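Okay, final-v3.csv now, which holds CSV, C-alpha atoms and all ligand atoms:
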```csv
chain,number,residue,atom,x,y,z
A,1,MET,CA,0.0,0.0,0.0
A,2,SER,CA,2.7,2.4,0.9
A,3,LYS,CA,5.0,1.5,-1.9
A,4,GLU,CA,3.6,3.7,-4.6
A,5,THR,CA,3.5,7.2,-5.7
A,6,PRO,CA,0.0,8.3,-4.9
A,7,ALA,CA,-2.4,8.1,-7.7
A,8,PRO,CA,-6.1,8.4,-7.1
A,9,SER,CA,-6.5,4.8,-6.1
A,10,VAL,CA,-9.3,4.1,-3.6
A,11,ASP,CA,-9.0,0.5,-3.6
A,12,LYS,CA,-5.6,-1.1,-3.6
A,13,THR,CA,-6.8,-4.6,-4.2
A,14,THR,CA,-7.1,-4.3,-8.0
A,15,GLY,CA,-4.4,-6.2,-9.7
A,16,LYS,CA,-6.2,-7.4,-12.8
A,17,GLN,CA,-7.9,-5.4,-15.4
A,18,SER,CA,-10.9,-7.6,-16.1
A,19,GLN,CA,-12.9,-7.1,-19.3
A,20,THR,CA,-16.1,-5.5,-18.6
A,21,LYS,CA,-19.0,-6.7,-20.7
A,22,ASN,CA,-21.8,-5.3,-18.5
A,23,ILE,CA,-21.5,-1.6,-18.1
A,24,ARG,CA,-24.4,0.4,-17.0
A,25,LYS,CA,-24.5,4.2,-16.6
A,26,GLU,CA,-26.8,5.4,-13.8
A,27,GLN,CA,-27.6,8.0,-11.3
A,28,GLU,CA,-28.1,7.8,-7.5
A,29,ASN,CA,-28.9,10.9,-5.5
A,30,PHE,CA,-27.8,13.0,-8.5
A,31,ILE,CA,-24.4,11.2,-8.5
A,32,ASN,CA,-23.5,9.8,-11.9
A,33,PHE,CA,-21.8,6.5,-11.9
A,34,VAL,CA,-21.0,3.5,-14.0
A,35,THR,CA,-21.6,0.0,-12.8
A,36,LYS,CA,-19.2,-2.7,-14.0
A,37,TYR,CA,-19.9,-6.3,-13.2
A,38,ARG,CA,-17.1,-8.7,-12.6
A,39,ASN,CA,-16.4,-12.1,-11.2
A,40,ILE,CA,-15.6,-10.9,-7.7
A,41,LYS,CA,-16.9,-11.5,-4.2
A,42,PHE,CA,-17.1,-8.0,-2.8
A,43,PRO,CA,-18.2,-4.8,-4.4
A,44,ARG,CA,-15.9,-1.7,-4.4
A,45,LEU,CA,-16.0,1.9,-5.5
A,46,GLU,CA,-13.3,3.4,-7.7
A,47,PHE,CA,-12.4,6.7,-9.1
A,48,LYS,CA,-9.5,5.6,-11.4
A,49,SER,CA,-10.3,7.9,-14.3
A,50,GLY,CA,-12.2,10.6,-12.3
A,51,GLU,CA,-15.5,9.0,-13.0
A,52,LEU,CA,-17.2,7.0,-10.2
A,53,GLU,CA,-17.3,3.3,-10.9
A,54,ALA,CA,-19.2,0.7,-8.8
A,55,ILE,CA,-17.4,-2.6,-9.4
A,56,MET,CA,-20.0,-5.2,-8.5
A,57,PRO,CA,-20.3,-9.0,-8.3
A,58,TYR,CA,-22.7,-10.3,-10.8
A,59,CYS,CA,-26.4,-9.8,-10.1
A,60,LYS,CA,-25.7,-7.4,-7.2
A,61,ASP,CA,-27.3,-4.0,-7.0
A,62,PRO,CA,-25.0,-1.0,-6.4
A,63,THR,CA,-27.5,1.2,-4.6
A,64,GLY,CA,-26.5,0.0,-1.1
A,65,ILE,CA,-22.8,0.6,-1.4
A,66,LEU,CA,-23.4,4.0,-3.0
A,67,GLN,CA,-25.7,5.1,-0.3
A,68,LYS,CA,-23.4,3.9,2.4
A,69,HIS,CA,-20.5,5.8,1.1
A,70,MET,CA,-22.3,8.9,-0.2
A,71,ASP,CA,-20.3,11.4,2.0
A,72,TRP,CA,-17.0,9.9,0.9
A,73,ILE,CA,-18.2,10.0,-2.8
A,74,ARG,CA,-19.1,13.6,-2.6
A,75,LYS,CA,-15.8,14.5,-0.9
A,76,LYS,CA,-13.9,12.6,-3.5
A,77,GLN,CA,-15.8,14.3,-6.3
A,78,GLU,CA,-15.1,17.7,-4.9
A,79,PHE,CA,-11.4,16.8,-4.7
A,80,ILE,CA,-11.4,15.6,-8.4
A,81,ILE,CA,-13.1,18.8,-9.5
A,82,SER,CA,-10.5,20.9,-7.8
A,83,CYS,CA,-7.7,18.8,-9.4
A,84,LEU,CA,-9.3,19.2,-12.8
A,85,GLU,CA,-9.6,22.9,-12.2
A,86,ALA,CA,-5.9,23.1,-11.3
A,87,ALA,CA,-5.1,20.9,-14.3
A,88,LYS,CA,-6.3,23.6,-16.7
A,89,LYS,CA,-3.1,25.5,-15.9
A,90,LEU,CA,-0.9,22.5,-16.4
A,91,GLU,CA,0.9,21.6,-19.6
A,92,THR,CA,1.5,18.1,-20.8
A,93,VAL,CA,4.6,17.0,-22.6
A,94,LYS,CA,4.9,15.0,-25.8
A,95,ARG,CA,7.6,12.4,-25.5
A,96,LYS,CA,8.2,9.1,-27.2
A,97,LYS,CA,8.6,6.0,-25.0
A,98,GLU,CA,12.3,5.9,-25.9
A,99,GLN,CA,12.7,9.5,-24.8
A,100,LEU,CA,11.0,8.7,-21.5
A,101,GLU,CA,13.3,5.8,-21.0
A,102,SER,CA,16.5,7.7,-21.6
A,103,LEU,CA,15.4,10.5,-19.4
A,104,ILE,CA,14.6,8.1,-16.6
A,105,ASN,CA,17.9,6.3,-17.0
A,106,LYS,CA,19.6,9.7,-16.6
A,107,ILE,CA,17.6,10.6,-13.5
A,108,LEU,CA,18.2,7.2,-12.0
A,109,ARG,CA,22.0,7.5,-12.4
A,110,ARG,CA,21.9,10.8,-10.6
A,111,TYR,CA,19.8,9.6,-7.7
A,112,TYR,CA,21.7,6.3,-7.3
A,113,LYS,CA,24.6,8.4,-6.2
A,114,ASP,CA,22.5,10.5,-3.8
A,115,LEU,CA,20.9,7.6,-2.1
A,116,ASN,CA,23.6,5.1,-2.5
A,117,LEU,CA,21.5,2.3,-4.0
A,118,LYS,CA,20.5,0.8,-7.3
A,119,VAL,CA,17.4,-0.7,-8.8
A,120,ASN,CA,17.5,-4.2,-10.2
A,121,LYS,CA,15.3,-3.9,-13.2
A,122,VAL,CA,13.1,-1.2,-14.7
A,123,PHE,CA,9.8,-2.2,-16.3
A,124,TYR,CA,7.6,0.0,-18.4
A,125,ARG,CA,3.9,-0.6,-18.7
A,126,LYS,CA,0.6,1.3,-18.7
A,127,MET,CA,-0.8,1.2,-15.2
A,128,ARG,CA,-4.3,1.9,-14.1
A,129,THR,CA,-3.8,3.0,-10.6
A,130,LYS,CA,-0.4,4.5,-10.0
A,131,TRP,CA,2.5,6.4,-11.6
A,132,ALA,CA,5.1,3.9,-10.5
A,133,SER,CA,5.9,1.2,-8.0
A,134,CYS,CA,8.8,-0.6,-6.6
A,135,SER,CA,9.0,-4.2,-5.4
A,136,SER,CA,10.9,-6.0,-2.7
A,137,LYS,CA,13.2,-7.3,-5.3
A,138,GLN,CA,14.3,-3.7,-6.0
A,139,ASN,CA,12.5,-3.6,-9.3
A,140,LEU,CA,11.0,-0.4,-10.5
A,141,THR,CA,7.8,-0.3,-12.6
A,142,ILE,CA,7.1,2.9,-14.5
A,143,ASN,CA,3.7,3.8,-15.8
A,144,THR,CA,4.3,4.8,-19.5
A,145,MET,CA,1.8,7.6,-19.0
A,146,MET,CA,4.6,9.4,-17.3
A,147,ARG,CA,5.9,10.4,-20.7
A,148,HIS,CA,3.4,13.2,-20.7
A,149,LEU,CA,4.7,14.7,-17.4
A,150,PRO,CA,7.2,17.6,-17.1
A,151,LYS,CA,10.7,16.6,-16.2
A,152,ARG,CA,10.4,17.8,-12.6
A,153,GLN,CA,7.4,15.6,-11.9
A,154,ILE,CA,9.2,12.6,-13.4
A,155,GLU,CA,12.2,13.3,-11.1
A,156,TYR,CA,9.9,13.5,-8.1
A,157,ILE,CA,8.2,10.1,-8.9
A,158,ILE,CA,11.5,8.4,-9.4
A,159,TYR,CA,13.1,9.8,-6.3
A,160,HIS,CA,9.9,8.9,-4.3
A,161,GLU,CA,10.1,5.3,-5.5
A,162,LEU,CA,13.9,5.1,-4.7
A,163,VAL,CA,13.3,6.4,-1.2
A,164,HIS,CA,10.8,3.6,-0.8
A,165,MET,CA,13.6,1.2,-1.3
A,166,ILE,CA,15.1,2.7,1.9
A,167,GLU,CA,11.9,3.2,3.8
A,168,LYS,CA,8.7,1.5,2.8
A,169,LYS,CA,6.3,3.5,4.7
A,170,HIS,CA,5.2,7.2,4.3
A,171,ASN,CA,6.6,8.0,7.8
A,172,ASP,CA,8.8,10.8,9.2
A,173,ARG,CA,12.0,9.1,8.0
A,174,PHE,CA,10.6,8.8,4.5
A,175,TRP,CA,9.5,12.5,4.2
A,176,LYS,CA,12.8,13.6,5.7
A,177,LEU,CA,14.6,11.9,2.8
A,178,ILE,CA,12.1,13.4,0.3
A,179,LEU,CA,12.7,16.9,1.8
A,180,LYS,CA,16.4,16.7,1.0
A,181,ARG,CA,15.6,17.0,-2.7
A,182,PHE,CA,12.0,18.2,-2.8
A,183,LYS,CA,11.0,21.0,-0.5
A,184,ASN,CA,7.7,21.3,-2.3
A,185,HIS,CA,6.7,17.7,-2.2
A,186,LYS,CA,3.1,18.5,-1.2
A,187,LYS,CA,2.6,20.7,-4.2
A,188,MET,CA,4.2,18.0,-6.3
A,189,GLU,CA,1.8,15.4,-5.0
A,190,MET,CA,-1.1,17.6,-5.7
A,191,SER,CA,0.1,18.3,-9.3
A,192,LEU,CA,0.5,14.6,-9.8
A,193,PHE,CA,-3.2,14.1,-8.9
A,194,SER,CA,-4.1,16.8,-11.3
A,195,TYR,CA,-2.1,15.3,-14.1
A,196,TRP,CA,-3.5,12.0,-13.3
A,197,PHE,CA,-7.1,13.1,-13.8
A,198,LEU,CA,-6.2,15.3,-16.7
A,199,LEU,CA,-4.4,12.5,-18.6
A,200,ASN,CA,-7.0,9.9,-17.7
A,201,SER,CA,-9.9,12.0,-18.8
A,202,ILE,CA,-8.5,12.9,-22.2
A,301,ZN,ZN,5.0,6.5,-1.7
```

Can the structure in the file be given as structure tokens, please?
Amino acid sequence: MSKETPAPSVDKTTGKQSQTKNIRKEQENFINFVTKYRNIKFPRLEFKSGELEAIMPYCKDPTGILQKHMDWIRKKQEFIISCLEAAKKLETVKRKKEQLESLINKILRRYYKDLNLKVNKVFYRKMRTKWASCSSKQNLTINTMMRHLPKRQIEYIIYHELVHMIEKKHNDRFWKLILKRFKNHKKMEMSLFSYWFLLNSI
């Protein structure tokens, strides 16, 4: 849970991207949402792309879970609206995958020295819930969507992940290490939420 650069992930249990055949657009208490039916035991709510999704086991009605979490849903929606508002001022970058890779290699080399560590392997793939992640085997996985981010944001994500190889949790020790390079990490985290919703809503 703590080993990822925050993206708007509500539910950390999603590993698979199941195919969704049954998609229904609906409204509950004036909240728009999409219902997706999957072969799962428990329902969950997600805001992966900025739109509310009720992920439901087959034949289950989403009304209950929506009503139960209505306050949370409204707060989340307000947050997303403010992120999208902030995103209007943001610029995205056009980079090819190869350009992203060479930039990341450069950044990695720099931070290896700073932190006195090295990652094992770097993987690139499109991820649905986070910008990047690191594993206990010291592997780093990069969301290819990062190619649209400005260099500073990419540096932050990489540094954040590398610091996780020293400290897994988002605790004082972790943020102290972050502060050494990024005094404005809160702003950075916010902008990454904005970019997330911006890029996922295009
Ligand atoms: Zn983290």

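Close contacts of Arg181 (chain A), defined as residues with an atom at most 10 Å away when counting all atoms listed in the file, with chain neighbours fewer than 2 positions off set aside, comprise Tyr111, Asp114, Glu155, Tyr156, Tyr159, Lys176, Leu177, Ile178, Leu179, Lys183, Asn184 and His185 of chain A.
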
Distance CA of Tyr37 (chain A)-CA of Cys83 (chain A), one decimal place?
-> 28.2 Å

Among listed residues A:Asp172, A:Glu189, A:Glu26, A:Glu161, nearest ligand ZN 301 (chain A) (using only C-alpha atoms and all ligand atoms) =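 Of A:Asp172, A:Glu189, A:Glu26, A:Glu161, the one nearest ligand ZN 301 (chain A) is A:Glu161, counting only C-alpha atoms and all ligand atoms.
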
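Of the residues under consideration (A:Phe182, A:Ala132, A:Arg38, A:Ile158), A:Ile158 shows the shortest atom-to-atom contact distance to Arg109 (chain A) when counting all atoms listed in the file.
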
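From CA of Asn105 (chain A) back to CA of Val93 (chain A), the distance works out to 18.0 Å.
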
Pick the closest to ligand ZN 301 (chain A) from A:His160, A:Lys36, A:Arg173, A:Lys186: which is it, counting all atoms listed in the file?
->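 Closest candidate: A:His160.
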
Find the nearest atom pair between each residue of region 61-153 of chain A and region 43-51 of chain A for residues within 8 Å, count all atoms listed in the file, give distances in Å to one decimal, sort rows by chain and ascending number, and present the table as JSON lines.
```
{"residue": "A:Ile65", "atom": "CA", "partner": "A:Pro43", "partner_atom": "CA", "distance": 7.7}
{"residue": "A:Gln77", "atom": "CA", "partner": "A:Gly50", "partner_atom": "CA", "distance": 7.9}
{"residue": "A:Ile80", "atom": "CA", "partner": "A:Gly50", "partner_atom": "CA", "distance": 6.4}
{"residue": "A:Arg128", "atom": "CA", "partner": "A:Lys48", "partner_atom": "CA", "distance": 6.9}
{"residue": "A:Thr129", "atom": "CA", "partner": "A:Lys48", "partner_atom": "CA", "distance": 6.3}
```

How many Å lie between CA of Leu103 (chain A) and CA of Asn200 (chain A), rounded to one decimal?
->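 Between CA of Leu103 (chain A) and CA of Asn200 (chain A) the gap is 22.5 Å.
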
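Proximity to Leu66 (chain A) was assessed for A:Glu85, A:Glu98, A:Glu91, A:Glu53 counting all atoms listed in the file; the smallest distance is recorded for A:Glu53.
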
Selected residue, from A:Lys75, A:Arg147, A:Lys106, A:His164, that lies nearest to ligand ZN 301 (chain A) when counting only C-alpha atoms and all ligand atoms |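 Looking only at the distances to ligand ZN 301 (chain A), the closest residue turns out to be A:His164.
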
Tell me, as an NGL selection string, which residues lie within 9 Å of Leu192 (chain A), counting only C-alpha atoms; anything in the same chain fewer than 2 positions away does not count.
-> :A and (5-7 or 131 or 149 or 153 or 157 or 187-190 or 194-197)

Nearest-residue call for ligand ZN 301 (chain A), choices A:Asn139, A:Gln99, A:Ser133, A:Thr144, using all atoms listed in the file | A:Ser133
